[in-house]
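To be precise, the following lines are input.pdb, and they hold PDB, C-alpha atoms.
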ATOM      1  CA  MET P 536     -85.036 -64.766 -54.630
ATOM      2  CA  LYS P 537     -83.390 -68.070 -55.525
ATOM      3  CA  LYS P 538     -84.937 -68.037 -59.022
ATOM      4  CA  ARG P 539     -83.648 -64.489 -59.523
ATOM      5  CA  ILE P 540     -80.068 -65.486 -58.658
ATOM      6  CA  GLU P 541     -80.314 -68.546 -60.921
ATOM      7  CA  PHE P 542     -81.479 -66.293 -63.764
ATOM      8  CA  PHE P 543     -78.641 -63.814 -63.151
ATOM      9  CA  SER P 544     -76.112 -66.672 -63.070
ATOM     10  CA  LEU P 545     -77.393 -68.109 -66.347
ATOM     11  CA  ILE P 546     -77.300 -64.749 -68.176
ATOM     12  CA  LEU P 547     -73.899 -63.735 -66.790
ATOM     13  CA  GLY P 548     -72.407 -67.182 -67.328
ATOM     14  CA  SER P 549     -73.664 -67.396 -70.915
ATOM     15  CA  LEU P 550     -72.077 -64.053 -71.819
ATOM     16  CA  PHE P 551     -68.732 -65.034 -70.245
ATOM     17  CA  LEU P 552     -68.813 -68.385 -72.027
ATOM     18  CA  ILE P 553     -69.674 -66.865 -75.428
ATOM     19  CA  SER P 554     -66.953 -64.250 -74.942
ATOM     20  CA  GLY P 555     -64.319 -66.866 -74.093
ATOM     21  CA  ILE P 556     -65.220 -69.203 -76.958
ATOM     22  CA  ALA P 557     -65.462 -66.332 -79.474
ATOM     23  CA  LYS P 558     -61.987 -65.058 -78.540
ATOM     24  CA  SER P 559     -60.484 -68.557 -78.734
ATOM     25  CA  LEU P 560     -61.639 -68.948 -82.366
ATOM     26  CA  ASP P 561     -58.890 -66.487 -83.310
ATOM     27  CA  ILE P 562     -57.017 -65.359 -80.249
ATOM     28  CA  SER P 563     -54.612 -63.350 -82.420
ATOM     29  CA  VAL P 564     -57.429 -60.801 -82.786
ATOM     30  CA  PHE P 565     -57.694 -60.408 -79.001
ATOM     31  CA  SER P 566     -53.897 -60.227 -78.672
ATOM     32  CA  GLY P 567     -53.978 -57.504 -81.309
ATOM     33  CA  VAL P 568     -56.571 -55.596 -79.281
ATOM     34  CA  LEU P 569     -54.294 -55.704 -76.211
ATOM     35  CA  THR P 570     -51.449 -54.380 -78.364
ATOM     36  CA  ASN P 571     -53.620 -51.583 -79.721
ATOM     37  CA  TYR P 572     -54.527 -50.564 -76.176
ATOM     38  CA  GLY P 573     -50.813 -50.196 -75.424
ATOM     39  CA  PHE P 574     -50.587 -53.444 -73.435
ATOM     40  CA  GLU P 575     -48.262 -55.172 -75.901
ATOM     41  CA  ARG P 576     -45.969 -56.412 -73.121
ATOM     42  CA  ILE P 577     -48.752 -58.441 -71.528
ATOM     43  CA  GLN P 578     -50.449 -59.757 -74.679
ATOM     44  CA  PHE P 579     -49.019 -63.190 -73.837
ATOM     45  CA  ILE P 580     -51.631 -63.504 -71.066
ATOM     46  CA  SER P 581     -54.477 -63.341 -73.604
ATOM     47  CA  PRO P 582     -54.988 -67.162 -73.476
ATOM     48  CA  LEU P 583     -55.168 -66.967 -69.669
ATOM     49  CA  ILE P 584     -57.863 -64.277 -69.878
ATOM     50  CA  VAL P 585     -59.837 -66.400 -72.349
ATOM     51  CA  LEU P 586     -59.603 -69.509 -70.165
ATOM     52  CA  THR P 587     -60.597 -67.509 -67.070
ATOM     53  CA  GLU P 588     -63.659 -66.133 -68.852
ATOM     54  CA  THR P 589     -64.622 -69.604 -70.047
ATOM     55  CA  ILE P 590     -64.343 -71.365 -66.662
ATOM     56  CA  THR P 591     -66.125 -68.442 -64.977
ATOM     57  CA  GLY P 592     -68.984 -68.748 -67.457
ATOM     58  CA  LEU P 593     -69.277 -72.505 -67.039
ATOM     59  CA  LEU P 594     -69.281 -72.357 -63.223
ATOM     60  CA  LEU P 595     -71.925 -69.628 -63.276
ATOM     61  CA  ILE P 596     -74.145 -71.573 -65.677
ATOM     62  CA  PHE P 597     -73.933 -74.737 -63.579
ATOM     63  CA  GLN P 598     -74.276 -72.771 -60.279
ATOM     64  CA  ILE P 599     -71.001 -74.018 -58.773
ATOM     65  CA  ASN P 600     -69.164 -72.063 -56.035
ATOM     66  CA  LEU P 601     -71.185 -68.977 -56.885
ATOM     67  CA  LYS P 602     -69.882 -66.941 -53.959
ATOM     68  CA  ARG P 603     -66.271 -67.202 -55.116
ATOM     69  CA  VAL P 604     -66.947 -67.248 -58.849
ATOM     70  CA  SER P 605     -69.010 -64.056 -58.662
ATOM     71  CA  LEU P 606     -65.981 -62.315 -57.103
ATOM     72  CA  VAL P 607     -63.908 -63.402 -60.102
ATOM     73  CA  ALA P 608     -66.655 -62.051 -62.401
ATOM     74  CA  ILE P 609     -66.649 -58.709 -60.555
ATOM     75  CA  SER P 610     -62.852 -58.485 -60.859
ATOM     76  CA  LEU P 611     -62.879 -59.341 -64.569
ATOM     77  CA  LEU P 612     -65.665 -56.922 -65.432
ATOM     78  CA  SER P 613     -64.058 -54.111 -63.429
ATOM     79  CA  ALA P 614     -60.596 -54.631 -64.958
ATOM     80  CA  LEU P 615     -61.910 -54.898 -68.516
ATOM     81  CA  THR P 616     -64.153 -51.840 -68.106
ATOM     82  CA  ILE P 617     -61.247 -49.777 -66.753
ATOM     83  CA  ALA P 618     -59.034 -50.906 -69.661
ATOM     84  CA  TYR P 619     -61.817 -50.065 -72.131
ATOM     85  CA  THR P 620     -62.231 -46.590 -70.599
ATOM     86  CA  TYR P 621     -58.477 -46.034 -70.867
ATOM     87  CA  GLY P 622     -58.545 -47.085 -74.530
ATOM     88  CA  ILE P 623     -61.321 -44.630 -75.367
ATOM     89  CA  ILE P 624     -59.833 -41.661 -73.495
ATOM     90  CA  PHE P 625     -56.124 -42.070 -74.184
ATOM     91  CA  ARG P 626     -55.919 -44.219 -77.339
ATOM     92  CA  GLY P 627     -59.030 -43.241 -79.268
ATOM     93  CA  ILE P 628     -60.113 -46.896 -79.491
ATOM     94  CA  ASP P 629     -63.771 -47.830 -79.199
ATOM     95  CA  ASP P 630     -63.468 -51.550 -80.019
ATOM     96  CA  CYS P 631     -63.577 -53.502 -76.760
ATOM     97  CA  GLY P 632     -62.716 -56.764 -78.514
ATOM     98  CA  CYS P 633     -65.111 -58.505 -76.103
ATOM     99  CA  PHE P 634     -66.136 -61.145 -78.633
ATOM    100  CA  GLY P 635     -62.957 -61.462 -80.674
ATOM    101  CA  LYS P 636     -63.381 -61.747 -84.438
ATOM    102  CA  ILE P 637     -67.203 -61.903 -84.167
ATOM    103  CA  THR P 638     -67.330 -58.129 -84.551
ATOM    104  CA  ILE P 639     -71.116 -58.045 -84.939
ATOM    105  CA  LEU P 640     -71.338 -58.723 -81.178
ATOM    106  CA  ASN P 641     -68.962 -55.873 -80.285
ATOM    107  CA  THR P 642     -71.199 -52.908 -79.515
ATOM    108  CA  SER P 643     -70.912 -49.130 -79.284
ATOM    109  CA  PRO P 644     -69.164 -47.565 -76.236
ATOM    110  CA  VAL P 645     -72.449 -46.380 -74.691
ATOM    111  CA  PHE P 646     -74.067 -49.806 -74.951
ATOM    112  CA  THR P 647     -70.870 -51.498 -73.735
ATOM    113  CA  PHE P 648     -70.777 -49.360 -70.567
ATOM    114  CA  MET P 649     -74.496 -49.949 -69.966
ATOM    115  CA  ARG P 650     -74.074 -53.704 -70.475
ATOM    116  CA  ASN P 651     -71.076 -53.875 -68.132
ATOM    117  CA  ALA P 652     -72.945 -51.883 -65.473
ATOM    118  CA  VAL P 653     -75.851 -54.357 -65.609
ATOM    119  CA  LEU P 654     -73.464 -57.336 -65.496
ATOM    120  CA  LEU P 655     -71.630 -55.845 -62.515
ATOM    121  CA  TYR P 656     -74.943 -55.427 -60.717
ATOM    122  CA  MET P 657     -75.816 -59.072 -61.421
ATOM    123  CA  SER P 658     -72.392 -60.207 -60.205
ATOM    124  CA  ILE P 659     -72.720 -58.264 -56.960
ATOM    125  CA  GLU P 660     -76.225 -59.632 -56.358
ATOM    126  CA  ILE P 661     -74.997 -63.194 -56.948
ATOM    127  CA  TRP P 662     -72.141 -62.619 -54.498
ATOM    128  CA  ARG P 663     -74.506 -61.199 -51.848
ATOM    129  CA  LYS P 664     -77.253 -63.821 -52.100
ATOM    130  CA  SER P 665     -75.485 -67.071 -52.999
ATOM    131  CA  ASP P 666     -73.365 -69.733 -51.309
ATOM    132  CA  ASN P 667     -70.408 -71.939 -52.266
ATOM    133  CA  LYS P 668     -72.262 -75.080 -53.341
ATOM    134  CA  THR P 669     -69.875 -77.596 -54.893
ATOM    135  CA  CYS P 670     -70.638 -80.038 -57.699
ATOM    136  CA  SER P 671     -70.492 -83.835 -57.522
ATOM    137  CA  ASN P 672     -72.312 -84.512 -60.796
ATOM    138  CA  LYS P 673     -69.830 -86.340 -63.026
ATOM    139  CA  TRP P 674     -71.662 -85.325 -66.210
ATOM    140  CA  ILE P 675     -71.340 -81.634 -65.391
ATOM    141  CA  VAL P 676     -67.664 -82.046 -64.510
ATOM    142  CA  SER P 677     -67.121 -83.901 -67.809
ATOM    143  CA  ILE P 678     -68.832 -81.128 -69.798
ATOM    144  CA  ILE P 679     -66.719 -78.446 -68.083
ATOM    145  CA  LEU P 680     -63.493 -80.358 -68.790
ATOM    146  CA  MET P 681     -64.494 -80.964 -72.417
ATOM    147  CA  VAL P 682     -65.313 -77.292 -73.094
ATOM    148  CA  MET P 683     -62.168 -76.086 -71.314
ATOM    149  CA  SER P 684     -60.036 -78.506 -73.334
ATOM    150  CA  MET P 685     -61.601 -77.294 -76.583
ATOM    151  CA  VAL P 686     -61.040 -73.625 -75.714
ATOM    152  CA  ALA P 687     -57.466 -74.301 -74.559
ATOM    153  CA  PHE P 688     -56.721 -76.101 -77.835
ATOM    154  CA  MET P 689     -58.214 -73.337 -79.988
ATOM    155  CA  SER P 690     -56.391 -70.645 -77.994
ATOM    156  CA  GLY P 691     -53.071 -72.386 -78.528
ATOM    157  CA  TYR P 692     -53.794 -73.144 -82.183
ATOM    158  CA  THR P 693     -54.718 -69.551 -83.061
ATOM    159  CA  TYR P 694     -52.150 -67.803 -80.844
ATOM    160  CA  PRO P 695     -50.011 -65.486 -83.005
ATOM    161  CA  SER P 696     -46.369 -66.345 -83.566
ATOM    162  CA  ASN P 697     -44.746 -63.066 -84.499
ATOM    163  CA  THR P 698     -41.217 -64.355 -84.090
ATOM    164  CA  GLU P 699     -41.468 -65.786 -87.605
ATOM    165  CA  ASN P 700     -42.974 -64.192 -90.654
ATOM    166  CA  SER P 701     -45.483 -65.854 -92.931
ATOM    167  CA  VAL P 702     -45.829 -64.854 -96.564
ATOM    168  CA  LYS P 703     -49.298 -65.362 -98.003
ATOM    169  CA  LYS P 704     -49.892 -65.420-101.744
ATOM    170  CA  HIS P 705     -52.937 -63.482-102.801
ATOM    171  CA  THR P 706     -55.187 -64.297-105.708
ATOM    172  CA  GLU P 707     -54.027 -61.239-107.618
ATOM    173  CA  LYS P 708     -56.353 -58.926-105.705
ATOM    174  CA  ALA P 709     -56.663 -55.510-107.313
ATOM    175  CA  LEU P 710     -55.805 -52.639-104.986
ATOM    176  CA  GLU P 711     -59.084 -50.939-105.900
ATOM    177  CA  GLU P 712     -60.972 -53.908-104.436
ATOM    178  CA  SER P 713     -59.104 -53.676-101.122
ATOM    179  CA  VAL P 714     -59.543 -51.396 -98.100
ATOM    180  CA  LEU P 715     -55.869 -50.539 -98.590
ATOM    181  CA  LYS P 716     -56.820 -48.224-101.469
ATOM    182  CA  ASP P 717     -58.143 -45.718 -98.885
ATOM    183  CA  PHE P 718     -54.702 -45.402 -97.282
ATOM    184  CA  ILE P 719     -52.210 -44.987-100.143
ATOM    185  CA  THR P 720     -51.943 -43.602-103.654
ATOM    186  CA  THR P 721     -50.027 -45.696-106.182
ATOM    187  CA  SER P 722     -48.876 -45.628-109.796
ATOM    188  CA  GLN P 723     -49.467 -48.441-112.270
ATOM    189  CA  ASP P 724     -45.785 -48.714-113.264
ATOM    190  CA  SER P 725     -44.302 -48.853-109.725
ATOM    191  CA  THR P 726     -43.980 -51.430-106.968
ATOM    192  CA  TYR P 727     -44.775 -50.691-103.337
ATOM    193  CA  PHE P 728     -44.117 -52.271 -99.970
ATOM    194  CA  VAL P 729     -46.642 -51.150 -97.331
ATOM    195  CA  PHE P 730     -45.755 -51.813 -93.682
ATOM    196  CA  VAL P 731     -48.571 -51.463 -91.120
ATOM    197  CA  PHE P 732     -47.281 -51.161 -87.565
ATOM    198  CA  SER P 733     -47.893 -49.933 -84.030
ATOM    199  CA  TYR P 734     -45.605 -47.595 -82.106
ATOM    200  CA  THR P 735     -45.985 -49.862 -79.063
ATOM    201  CA  CYS P 736     -45.227 -53.192 -80.773
ATOM    202  CA  SER P 737     -41.829 -54.789 -80.089
ATOM    203  CA  HIS P 738     -42.120 -57.059 -83.151
ATOM    204  CA  CYS P 739     -42.685 -53.961 -85.286
ATOM    205  CA  TYR P 740     -39.570 -52.346 -83.816
ATOM    206  CA  SER P 741     -37.563 -55.466 -84.634
ATOM    207  CA  SER P 742     -38.594 -55.117 -88.298
ATOM    208  CA  ILE P 743     -37.598 -51.495 -88.896
ATOM    209  CA  GLU P 744     -33.917 -51.952 -89.735
ATOM    210  CA  ASN P 745     -34.786 -54.627 -92.305
ATOM    211  CA  LEU P 746     -37.515 -52.409 -93.726
ATOM    212  CA  LYS P 747     -34.978 -49.592 -94.233
ATOM    213  CA  GLN P 748     -33.058 -51.860 -96.663
ATOM    214  CA  TYR P 749     -35.963 -52.614 -98.975
ATOM    215  CA  GLU P 750     -35.750 -49.669-101.365
ATOM    216  CA  ARG P 751     -31.941 -49.926-101.596
ATOM    217  CA  LEU P 752     -32.069 -53.672-102.315
ATOM    218  CA  GLY P 753     -34.843 -53.305-104.869
ATOM    219  CA  VAL P 754     -37.552 -55.152-102.957
ATOM    220  CA  ALA P 755     -39.902 -52.355-104.051
ATOM    221  CA  ASP P 756     -39.648 -48.950-105.692
ATOM    222  CA  ARG P 757     -41.191 -47.317-102.672
ATOM    223  CA  VAL P 758     -41.707 -48.223 -99.013
ATOM    224  CA  ILE P 759     -44.642 -46.719 -97.113
ATOM    225  CA  ALA P 760     -45.406 -47.273 -93.414
ATOM    226  CA  LEU P 761     -48.864 -46.866 -91.895
ATOM    227  CA  SER P 762     -49.525 -46.454 -88.188
ATOM    228  CA  PHE P 763     -52.030 -44.781 -85.901
ATOM    229  CA  GLU P 764     -51.667 -41.470 -84.148
ATOM    230  CA  THR P 765     -50.390 -41.807 -80.613
ATOM    231  CA  ASP P 766     -48.537 -39.785 -77.982
ATOM    232  CA  SER P 767     -46.221 -37.298 -79.749
ATOM    233  CA  VAL P 768     -43.445 -38.180 -77.299
ATOM    234  CA  ILE P 769     -43.582 -41.836 -78.403
ATOM    235  CA  MET P 770     -43.518 -40.901 -82.102
ATOM    236  CA  THR P 771     -40.604 -38.475 -81.579
ATOM    237  CA  LYS P 772     -38.638 -41.116 -79.699
ATOM    238  CA  PHE P 773     -39.334 -43.628 -82.489
ATOM    239  CA  ASN P 774     -37.955 -41.237 -85.115
ATOM    240  CA  GLU P 775     -34.885 -40.460 -83.004
ATOM    241  CA  ILE P 776     -34.079 -44.144 -82.488
ATOM    242  CA  PHE P 777     -34.676 -45.471 -86.007
ATOM    243  CA  GLU P 778     -34.252 -42.424 -88.281
ATOM    244  CA  PRO P 779     -36.637 -43.967 -90.849
ATOM    245  CA  ASN P 780     -35.790 -43.420 -94.528
ATOM    246  CA  PHE P 781     -39.365 -44.168 -95.642
ATOM    247  CA  GLN P 782     -42.641 -42.279 -95.469
ATOM    248  CA  ILE P 783     -44.829 -42.802 -92.387
ATOM    249  CA  ILE P 784     -48.512 -41.901 -92.592
ATOM    250  CA  ASN P 785     -50.447 -41.781 -89.310
ATOM    251  CA  TYR P 786     -54.184 -42.397 -89.134
ATOM    252  CA  SER P 787     -56.694 -42.468 -86.314
ATOM    253  CA  PRO P 788     -57.003 -45.893 -84.603
ATOM    254  CA  SER P 789     -60.547 -46.417 -85.894
ATOM    255  CA  GLN P 790     -59.373 -45.797 -89.480
ATOM    256  CA  LEU P 791     -56.399 -48.149 -89.290
ATOM    257  CA  PHE P 792     -58.363 -50.919 -87.574
ATOM    258  CA  SER P 793     -60.667 -50.988 -90.600
ATOM    259  CA  LEU P 794     -57.606 -52.288 -92.477
ATOM    260  CA  THR P 795     -56.172 -54.717 -89.898
ATOM    261  CA  ASP P 796     -56.034 -55.561 -86.207
ATOM    262  CA  HIS P 797     -52.768 -57.499 -86.574
ATOM    263  CA  PHE P 798     -49.393 -55.776 -86.163
ATOM    264  CA  PRO P 799     -47.122 -55.865 -88.000
ATOM    265  CA  VAL P 800     -48.624 -56.801 -91.343
ATOM    266  CA  SER P 801     -47.191 -55.871 -94.749
ATOM    267  CA  TYR P 802     -48.370 -55.826 -98.349
ATOM    268  CA  TYR P 803     -46.403 -56.064-101.586
ATOM    269  CA  ILE P 804     -48.090 -54.242-104.477
ATOM    270  CA  GLN P 805     -47.175 -54.517-108.154
ATOM    271  CA  HIS P 806     -49.097 -52.905-111.063
ATOM    272  CA  ASN P 807     -51.776 -51.838-108.552
ATOM    273  CA  VAL P 808     -52.329 -55.462-107.552
ATOM    274  CA  ILE P 809     -51.698 -56.844-104.039
ATOM    275  CA  LYS P 810     -49.395 -59.789-104.650
ATOM    276  CA  ASN P 811     -48.354 -60.802-101.134
ATOM    277  CA  GLU P 812     -49.250 -60.319 -97.492
ATOM    278  CA  ILE P 813     -46.645 -60.789 -94.767
ATOM    279  CA  ARG P 814     -47.655 -61.216 -91.130
ATOM    280  CA  GLY P 815     -45.095 -60.909 -88.376
ATOM    281  CA  MET P 816     -41.538 -59.606 -88.280
ATOM    282  CA  LEU P 817     -39.885 -58.776 -91.565
ATOM    283  CA  PRO P 818     -36.898 -60.729 -92.930
ATOM    284  CA  CYS P 819     -33.888 -58.974 -94.416
ATOM    285  CA  GLY P 820     -34.305 -57.714 -97.964
ATOM    286  CA  TYR P 821     -32.221 -60.486 -99.533
ATOM    287  CA  LEU P 822     -34.306 -63.273 -97.956
ATOM    288  CA  LEU P 823     -37.572 -61.589 -98.834
ATOM    289  CA  THR P 824     -36.571 -61.167-102.467
ATOM    290  CA  ASP P 825     -35.599 -64.830-102.536
ATOM    291  CA  LYS P 826     -39.030 -65.823-101.158
TER
END
Using structure tokens, write down the structure from this file.
Amino acid sequence: MKKRIEFFSLILGSLFLISGIAKSLDISVFSGVLTNYGFERIQFISPLIVLTETITGLLLIFQINLKRVSLVAISLLSALTIAYTYGIIFRGIDDCGCFGKITILNTSPVFTFMRNAVLLYMSIEIWRKSDNKTCSNKWIVSIILMVMSMVAFMSGYTYPSNTENSVKKHTEKALEESVLKDFITTSQDSTYFVFVFSYTCSHCYSSIENLKQYERLGVADRVIALSFETDSVIMTKFNEIFEPNFQIINYSPSQLFSLTDHFPVSYYIQHNVIKNEIRGMLPCGYLLTDK
């Protein structure tokens, strides 16, 4: 029985640890997933979730305080599974974001539910059959502190700062070579500003009034906004509040996420070439033209 619990702890701990480290490599992706699920107001806790997953994984691997740690694992798995179910049913999202930007590890909904069910079973068995053994091995404590420090640093380094915008110069990427070509139709002799946003993103909302200036100030000949289909009440309220003077095209979440998982993000297109990418809130038209 002891060997079985040790095996369960190693498997469960390894998955938690991989999940935490993978998310920390670009935590903006995980924050974007929370936003897409409609949890934009709590996306600031994404580093806390990552750190909790990491310490849970490490304690499980090294068999420390298994009784208590397994309860944390049960709580995490239950909460994340409920959130994932909500995303599938009410938001049409099937990306759990479990392993951050390492999308090859993010599986189909059926496999994800099966995996979580198995992991919950392991967690419950560990809780039932284990004790709260502490650790006095200084090497193990040092390893845990080192890994936690690394994950904390990466989480802070890659955490998105949407309060400022960042303009990225592209290497003259042709629109036909970009996924963006599947979302808009352009003309060779016109310029376009494409704004990709979420109806539940406060930073997107803060950009709308500036976006409405862009055609008038000559930033681009045409402004197009892309978003994903959501509750009709939310979209109606958005239109009533902002009275947008630009075209909005709504796609399914799975379609839009093939373009980006960061909101808002914008693209400036000239002669069917993507010239610039802007991440974060938009500046006023005058400042953007100056940049």
Resolved residues for the PyMOL selection byres ((chain P and resi 752-762) around 9) as a short mmCIF file (atom, residue, chain, number, x, y, z; two decimals) with C-alpha atoms, keeping the file's coordinate frame:
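Saved result, out_10.cif, follows:
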data_model
loop_
_atom_site.label_atom_id
_atom_site.label_comp_id
_atom_site.auth_asym_id
_atom_site.auth_seq_id
_atom_site.Cartn_x
_atom_site.Cartn_y
_atom_site.Cartn_z
CA PHE P 718 -54.70 -45.40 -97.28
CA ILE P 719 -52.21 -44.99 -100.14
CA SER P 725 -44.30 -48.85 -109.72
CA THR P 726 -43.98 -51.43 -106.97
CA TYR P 727 -44.78 -50.69 -103.34
CA PHE P 728 -44.12 -52.27 -99.97
CA VAL P 729 -46.64 -51.15 -97.33
CA PHE P 730 -45.76 -51.81 -93.68
CA VAL P 731 -48.57 -51.46 -91.12
CA PHE P 732 -47.28 -51.16 -87.56
CA SER P 733 -47.89 -49.93 -84.03
CA TYR P 734 -45.60 -47.60 -82.11
CA LEU P 746 -37.52 -52.41 -93.73
CA LYS P 747 -34.98 -49.59 -94.23
CA GLN P 748 -33.06 -51.86 -96.66
CA TYR P 749 -35.96 -52.61 -98.98
CA GLU P 750 -35.75 -49.67 -101.36
CA ARG P 751 -31.94 -49.93 -101.60
CA PHE P 763 -52.03 -44.78 -85.90
CA GLU P 764 -51.67 -41.47 -84.15
CA THR P 765 -50.39 -41.81 -80.61
CA ASN P 780 -35.79 -43.42 -94.53
CA PHE P 781 -39.36 -44.17 -95.64
CA GLN P 782 -42.64 -42.28 -95.47
CA ILE P 783 -44.83 -42.80 -92.39
CA ILE P 784 -48.51 -41.90 -92.59
CA ASN P 785 -50.45 -41.78 -89.31
CA TYR P 786 -54.18 -42.40 -89.13
CA SER P 787 -56.69 -42.47 -86.31
CA PRO P 788 -57.00 -45.89 -84.60
CA LEU P 791 -56.40 -48.15 -89.29
CA SER P 801 -47.19 -55.87 -94.75
CA TYR P 803 -46.40 -56.06 -101.59
CA ILE P 804 -48.09 -54.24 -104.48
CA GLN P 805 -47.18 -54.52 -108.15
CA GLY P 820 -34.30 -57.71 -97.96
CA TYR P 821 -32.22 -60.49 -99.53
CA LEU P 823 -37.57 -61.59 -98.83
CA THR P 824 -36.57 -61.17 -102.47
#
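Atom pair CA of Leu550 (chain P) / CA of Ala687 (chain P): separated by 18.1 Å.
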Evaluate the PyMOL selection byres ((chain P and resi 688) around 12) and record the selected residues as a list in words, following the chain and residue labels used in the document.
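For this structure, the PyMOL selection byres ((chain P and resi 688) around 12) resolves to Ile556, Ser559, Leu560, Asp561, Ile562, Pro582, Val585, Leu586, Met681, Val682, Met683, Ser684, Met685, Val686, Ala687, Met689, Ser690, Gly691, Tyr692, Thr693 and Tyr694 of chain P.
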Given the file shown, enumerate the residues that the PyMOL selection byres ((chain P and resi 615) around 12) captures and present them as a ChimeraX atom specification.
/P:569,572,584,588,608-614,616-622,631-633,647-648,651-652,655
Leaving out region 794-799 of chain P and any residue of its chain fewer than 2 positions from it, which residues lie within 9 Å of it when counting only C-alpha atoms, given as a PyMOL selection string?
chain P and resi 563-568+570-571+697+713-715+718+730-733+736+738-739+742+790-792+801+813-817
Under the rule that all atoms listed in the file are counted, which of P:Thr771, P:Ser605, P:Thr589, P:Gln598 is the nearest residue to Tyr656 (chain P)?
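Going through P:Thr771, P:Ser605, P:Thr589, P:Gln598 one by one, the smallest distance to Tyr656 (chain P) is for P:Ser605.
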Compare P:Val768, P:Val800, P:Ala557, P:Leu595 by their minimum atom-to-atom distance to Met657 (chain P), counting all atoms listed in the file, and give me the closest one.
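Ranked by minimum distance to Met657 (chain P), first place goes to P:Leu595.
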Computed interatomic separation between CA of Trp674 (chain P) and CA of Gly548 (chain P) (Å)
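CA of Trp674 (chain P) sits 18.2 Å away from CA of Gly548 (chain P).
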